[in-house]
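Everything below concerns the one structure shown next.
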Amino acid sequence: MNAKEAASLLGVHYKTVLNMINDGRLAATKSDSGDWEISESDLAAREQQIHDKEFSAIYAHMAVQMIEKVHKRALKAACEELLHAAKSIVKHADNPIHFSQHAKRLQNALDSYKAAEALTVTVESIQKQAEDQL
């Protein structure tokens, strides 16, 4: 089949097929008339790669959305615990035993918040990689 037929079957623009031929992503030979000839088996293999890439991009996008959702919940929970622990430490400032317990709780809450906040960089990096795949 020729490049225009291949483009139609792949669901891409004719020039995309020519680019794929030129950069070696799609095997083709020139016919006597000067048209590109692409074997059906080469086209089928390329079509599968395109579908695999699309599936990977969709899967990555869904994974990023799930990570974002979990990250936002973790960050919100850590922030709420940090505020609650801070309020508790103020409330128990007069009692050294309770103050010490709540100071420890505040430190744990702060550590959790820092961990959730540090994950922001990772989430942003994952988002960028997923966007680059699309």
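Naming scheme: A, B, ... for chains in displayed order of the structure tokens; residues 1 onward per chain; ligands 1 onward as shown.
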When DSSP works through the backbone of this structure, what residues of chain A end up as alpha helix (DSSP H), shown as a PyMOL selection string? chain A and resi 3-10+14-22+40-91+96-133
Take the residues from that selection and write them out as a tab-separated table (two decimals), in the first residue's frame, keeping C-alpha atoms.
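What follows is the written file part_15.tsv:
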```
chain	number	residue	atom	x	y	z
A	3	ALA	CA	1.82	6.23	2.16
A	4	LYS	CA	-1.62	7.88	1.87
A	5	GLU	CA	-3.37	4.56	2.45
A	6	ALA	CA	-1.08	3.84	5.38
A	7	ALA	CA	-1.83	7.27	6.86
A	8	SER	CA	-5.54	6.59	6.60
A	9	LEU	CA	-5.23	3.22	8.33
A	10	LEU	CA	-3.00	4.58	11.09
A	14	TYR	CA	0.14	11.69	5.30
A	15	LYS	CA	3.20	13.79	6.23
A	16	THR	CA	3.46	11.90	9.52
A	17	VAL	CA	3.83	8.68	7.56
A	18	LEU	CA	6.51	10.29	5.39
A	19	ASN	CA	8.34	11.46	8.52
A	20	MET	CA	8.07	7.94	9.96
A	21	ILE	CA	9.59	6.54	6.76
A	22	ASN	CA	12.36	9.15	6.68
A	40	GLU	CA	0.94	-4.62	5.48
A	41	SER	CA	3.00	-6.51	8.06
A	42	ASP	CA	5.27	-3.49	8.66
A	43	LEU	CA	2.24	-1.27	8.93
A	44	ALA	CA	0.53	-3.65	11.38
A	45	ALA	CA	3.65	-3.73	13.56
A	46	ARG	CA	3.84	0.07	13.55
A	47	GLU	CA	0.13	0.37	14.28
A	48	GLN	CA	0.57	-1.83	17.36
A	49	GLN	CA	3.43	0.37	18.56
A	50	ILE	CA	1.26	3.47	18.17
A	51	HIS	CA	-1.56	1.85	20.13
A	52	ASP	CA	0.88	0.69	22.82
A	53	LYS	CA	2.25	4.23	23.13
A	54	GLU	CA	-1.25	5.70	23.33
A	55	PHE	CA	-2.18	3.16	26.00
A	56	SER	CA	0.98	3.98	27.94
A	57	ALA	CA	0.23	7.70	27.76
A	58	ILE	CA	-3.35	7.19	28.93
A	59	TYR	CA	-2.23	4.88	31.74
A	60	ALA	CA	0.45	7.36	32.83
A	61	HIS	CA	-2.10	10.18	32.84
A	62	MET	CA	-4.50	8.16	35.01
A	63	ALA	CA	-1.66	7.21	37.37
A	64	VAL	CA	-0.65	10.87	37.72
A	65	GLN	CA	-4.25	11.82	38.55
A	66	MET	CA	-4.37	9.15	41.26
A	67	ILE	CA	-1.01	10.26	42.68
A	68	GLU	CA	-2.17	13.88	42.71
A	69	LYS	CA	-5.36	12.94	44.55
A	70	VAL	CA	-3.51	10.89	47.18
A	71	HIS	CA	-0.86	13.59	47.53
A	72	LYS	CA	-3.46	16.33	48.08
A	73	ARG	CA	-5.21	14.23	50.72
A	74	ALA	CA	-1.92	13.47	52.49
A	75	LEU	CA	-0.89	17.12	52.42
A	76	LYS	CA	-4.28	18.24	53.74
A	77	ALA	CA	-4.28	15.60	56.51
A	78	ALA	CA	-0.72	16.48	57.53
A	79	CYS	CA	-1.59	20.19	57.62
A	80	GLU	CA	-4.70	19.56	59.72
A	81	GLU	CA	-2.75	17.38	62.16
A	82	LEU	CA	-0.04	20.01	62.41
A	83	LEU	CA	-2.59	22.72	63.25
A	84	HIS	CA	-4.39	20.49	65.73
A	85	ALA	CA	-1.12	19.56	67.46
A	86	ALA	CA	-0.09	23.23	67.60
A	87	LYS	CA	-3.40	24.17	69.21
A	88	SER	CA	-3.05	21.30	71.71
A	89	ILE	CA	0.44	22.37	72.74
A	90	VAL	CA	-0.81	25.89	73.44
A	91	LYS	CA	-3.76	24.51	75.40
A	96	PRO	CA	4.71	19.93	81.72
A	97	ILE	CA	3.76	16.26	81.12
A	98	HIS	CA	0.99	17.04	78.64
A	99	PHE	CA	3.11	19.78	77.09
A	100	SER	CA	5.90	17.28	76.46
A	101	GLN	CA	3.47	14.76	74.94
A	102	HIS	CA	1.94	17.37	72.66
A	103	ALA	CA	5.35	18.73	71.72
A	104	LYS	CA	6.26	15.23	70.54
A	105	ARG	CA	2.96	15.03	68.66
A	106	LEU	CA	3.68	18.42	67.10
A	107	GLN	CA	7.13	17.23	66.00
A	108	ASN	CA	5.60	14.07	64.43
A	109	ALA	CA	2.96	16.17	62.69
A	110	LEU	CA	5.64	18.52	61.39
A	111	ASP	CA	7.67	15.58	60.08
A	112	SER	CA	4.58	14.19	58.33
A	113	TYR	CA	3.83	17.57	56.81
A	114	LYS	CA	7.42	17.98	55.58
A	115	ALA	CA	7.29	14.51	54.01
A	116	ALA	CA	4.00	15.29	52.25
A	117	GLU	CA	5.33	18.65	51.10
A	118	ALA	CA	8.57	17.06	49.82
A	119	LEU	CA	6.47	14.69	47.74
A	120	THR	CA	5.19	17.75	45.84
A	121	VAL	CA	8.41	17.90	43.82
A	122	THR	CA	8.07	14.24	42.89
A	123	VAL	CA	4.42	14.67	41.91
A	124	GLU	CA	5.27	17.69	39.76
A	125	SER	CA	8.05	15.73	38.07
A	126	ILE	CA	5.69	12.82	37.35
A	127	GLN	CA	3.11	15.27	35.95
A	128	LYS	CA	5.67	16.79	33.60
A	129	GLN	CA	6.82	13.37	32.36
A	130	ALA	CA	3.22	12.30	31.72
A	131	GLU	CA	2.49	15.54	29.84
A	132	ASP	CA	5.62	15.05	27.74
A	133	GLN	CA	4.35	11.59	26.71
```
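For stretch 3-132 of chain A, backbone-based DSSP labels the following residues as strand (DSSP E): Thr29, Lys30, Trp36 and Glu37 of chain A.
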